[in-house]
Amino acid sequence: MKKIFDSIRDLGYRRGPSRLLGGIGGSIAAKFGLNVWLVRVLVLVSFLLPFLGAGAYLVVWALTPWQDGRIPLERVLTA
């Protein structure tokens, strides 16, 4: 499992320090150089899709590392 979580950390996504809710929109915006508010609106619009929006957001939230590299799902599985 450590190898999987290390590969997730190597992707370069991190929850931003100026996050609004879970930091996912800010992380995507920073990685691709997009406007953070545009990404946040697109994430909110994706919630209108059945299961895909909210379900995908929860999965991404569980796998996106904090600024210090901690991953929420990893903490749950290794506790």
# chains A, B, ... in the order shown; residues from 1 in each chain; ligands from 1
>>> residues_around(residues="region 37-43 of chain A", least_positions_apart="6", cutoff="12 Å", atoms="only C-alpha atoms", output="PyMOL selection string")
chain A and resi 19-31+49+52-58+60
>>> write_last_selection(atoms="C-alpha atoms", output="compact mmCIF listing (two decimals), in the first residue's frame")
# COMPACT_ATOMS: atom_id res chain seq x y z
CA ARG A 19 -8.87 26.03 0.19
CA LEU A 20 -12.57 26.77 0.25
CA LEU A 21 -14.01 23.40 1.20
CA GLY A 22 -11.87 20.31 0.62
CA GLY A 23 -9.16 21.96 -1.45
CA ILE A 24 -9.81 19.83 -4.51
CA GLY A 25 -10.66 22.71 -6.88
CA GLY A 26 -7.62 24.67 -5.78
CA SER A 27 -5.41 21.64 -6.23
CA ILE A 28 -6.61 21.03 -9.78
CA ALA A 29 -6.37 24.72 -10.65
CA ALA A 30 -2.81 24.99 -9.33
CA LYS A 31 -1.67 21.85 -11.15
CA LEU A 49 -24.42 14.40 -12.61
CA LEU A 52 -20.31 10.93 -10.74
CA GLY A 53 -19.98 14.39 -9.22
CA ALA A 54 -20.29 13.73 -5.50
CA GLY A 55 -18.84 10.21 -5.70
CA ALA A 56 -15.79 11.31 -7.67
CA TYR A 57 -15.28 14.28 -5.35
CA LEU A 58 -15.28 12.01 -2.28
CA VAL A 60 -10.49 12.49 -4.92
>>> residues_around(residues="Met1 (chain A)", least_positions_apart="6", cutoff="10 Å", atoms="only C-alpha atoms", output="PyMOL selection string")
chain A and resi 74+77-78
>>> write_last_selection(atoms="all heavy atoms", output="mmCIF file, in the first residue's frame")
data_model
loop_
_atom_site.group_PDB
_atom_site.id
_atom_site.type_symbol
_atom_site.label_atom_id
_atom_site.label_comp_id
_atom_site.auth_asym_id
_atom_site.auth_seq_id
_atom_site.Cartn_x
_atom_site.Cartn_y
_atom_site.Cartn_z
ATOM 1 N N GLU A 74 -4.940 6.961 3.526
ATOM 2 C CA GLU A 74 -3.788 6.249 4.084
ATOM 3 C C GLU A 74 -3.823 6.274 5.606
ATOM 4 O O GLU A 74 -3.534 5.260 6.261
ATOM 5 C CB GLU A 74 -2.498 6.896 3.579
ATOM 6 C CG GLU A 74 -1.241 6.222 4.061
ATOM 7 C CD GLU A 74 0.021 6.885 3.574
ATOM 8 O OE1 GLU A 74 -0.009 8.118 3.307
ATOM 9 O OE2 GLU A 74 1.031 6.195 3.424
ATOM 10 N N LEU A 77 -6.466 3.739 6.766
ATOM 11 C CA LEU A 77 -6.087 2.330 6.570
ATOM 12 C C LEU A 77 -4.925 1.890 7.448
ATOM 13 O O LEU A 77 -4.793 0.701 7.732
ATOM 14 C CB LEU A 77 -5.728 2.105 5.098
ATOM 15 C CG LEU A 77 -6.888 2.251 4.104
ATOM 16 C CD1 LEU A 77 -6.379 2.071 2.684
ATOM 17 C CD2 LEU A 77 -7.987 1.247 4.411
ATOM 18 N N THR A 78 -4.069 2.817 7.867
ATOM 19 C CA THR A 78 -2.908 2.440 8.679
ATOM 20 C C THR A 78 -3.108 2.732 10.164
ATOM 21 O O THR A 78 -2.176 2.537 10.936
ATOM 22 C CB THR A 78 -1.635 3.165 8.193
ATOM 23 O OG1 THR A 78 -1.838 4.563 8.254
ATOM 24 C CG2 THR A 78 -1.287 2.741 6.775
#
>>> residues_around(residues="Ile4 (chain A)", least_positions_apart="6", cutoff="12 Å", atoms="only C-alpha atoms", output="MDAnalysis selection string")
chainID A and resid 10:11 63 71 73:74
>>> write_last_selection(atoms="all heavy atoms", output="short mmCIF file (atom, residue, chain, number, x, y, z; two decimals), in the first residue's frame")
data_model
loop_
_atom_site.label_atom_id
_atom_site.label_comp_id
_atom_site.auth_asym_id
_atom_site.auth_seq_id
_atom_site.Cartn_x
_atom_site.Cartn_y
_atom_site.Cartn_z
N ASP A 10 3.57 11.55 -5.66
CA ASP A 10 4.45 11.95 -6.76
C ASP A 10 3.72 12.65 -7.90
O ASP A 10 4.35 13.25 -8.75
CB ASP A 10 5.20 10.73 -7.30
CG ASP A 10 6.22 10.18 -6.32
OD1 ASP A 10 6.60 10.93 -5.39
OD2 ASP A 10 6.62 9.01 -6.47
N LEU A 11 2.39 12.56 -7.94
CA LEU A 11 1.62 13.22 -9.00
C LEU A 11 1.70 14.74 -8.90
O LEU A 11 1.49 15.44 -9.88
CB LEU A 11 0.16 12.78 -8.96
CG LEU A 11 -0.11 11.32 -9.34
CD1 LEU A 11 -1.59 10.99 -9.12
CD2 LEU A 11 0.30 11.05 -10.76
N LEU A 63 -8.04 10.80 -1.53
CA LEU A 63 -6.72 10.46 -2.08
C LEU A 63 -5.80 11.65 -2.29
O LEU A 63 -4.61 11.46 -2.57
CB LEU A 63 -6.90 9.72 -3.41
CG LEU A 63 -7.54 8.35 -3.32
CD1 LEU A 63 -7.81 7.80 -4.71
CD2 LEU A 63 -6.68 7.40 -2.51
N ILE A 71 -2.12 11.67 3.41
CA ILE A 71 -3.29 11.31 2.61
C ILE A 71 -4.36 10.77 3.55
O ILE A 71 -4.09 9.84 4.32
CB ILE A 71 -2.93 10.27 1.54
CG1 ILE A 71 -1.89 10.85 0.58
CG2 ILE A 71 -4.17 9.83 0.78
CD1 ILE A 71 -1.36 9.87 -0.44
N LEU A 73 -7.02 8.80 3.25
CA LEU A 73 -7.30 7.36 3.17
C LEU A 73 -6.17 6.53 3.74
O LEU A 73 -6.39 5.52 4.42
CB LEU A 73 -7.58 6.95 1.72
CG LEU A 73 -7.97 5.49 1.51
CD1 LEU A 73 -9.26 5.16 2.26
CD2 LEU A 73 -8.13 5.19 0.04
N GLU A 74 -4.94 6.96 3.53
CA GLU A 74 -3.79 6.25 4.08
C GLU A 74 -3.82 6.27 5.61
O GLU A 74 -3.53 5.26 6.26
CB GLU A 74 -2.50 6.90 3.58
CG GLU A 74 -1.24 6.22 4.06
CD GLU A 74 0.02 6.89 3.57
OE1 GLU A 74 -0.01 8.12 3.31
OE2 GLU A 74 1.03 6.20 3.42
#
>>> select_by_dssp(residues="region 3-78 of chain A", states="helix (DSSP H, G or I)", output="number ranges by chain")
A: 3-10, 24-32, 36-46, 52-63, 72-78
>>> closest_residue(among="A:Phe51, A:Val76, A:Trp61, A:Ser46", to="Tyr13 (chain A)", atoms="only C-alpha atoms")
A:Trp61
>>> atom_distance(atom1="CA of Leu34 (chain A)", atom2="CA of Arg70 (chain A)")
24.4 Å
>>> atom_distance(atom1="CA of Ser7 (chain A)", atom2="CA of Asn35 (chain A)")
26.2 Å
>>> atom_distance(atom1="CA of Asp68 (chain A)", atom2="CA of Arg14 (chain A)")
8.5 Å
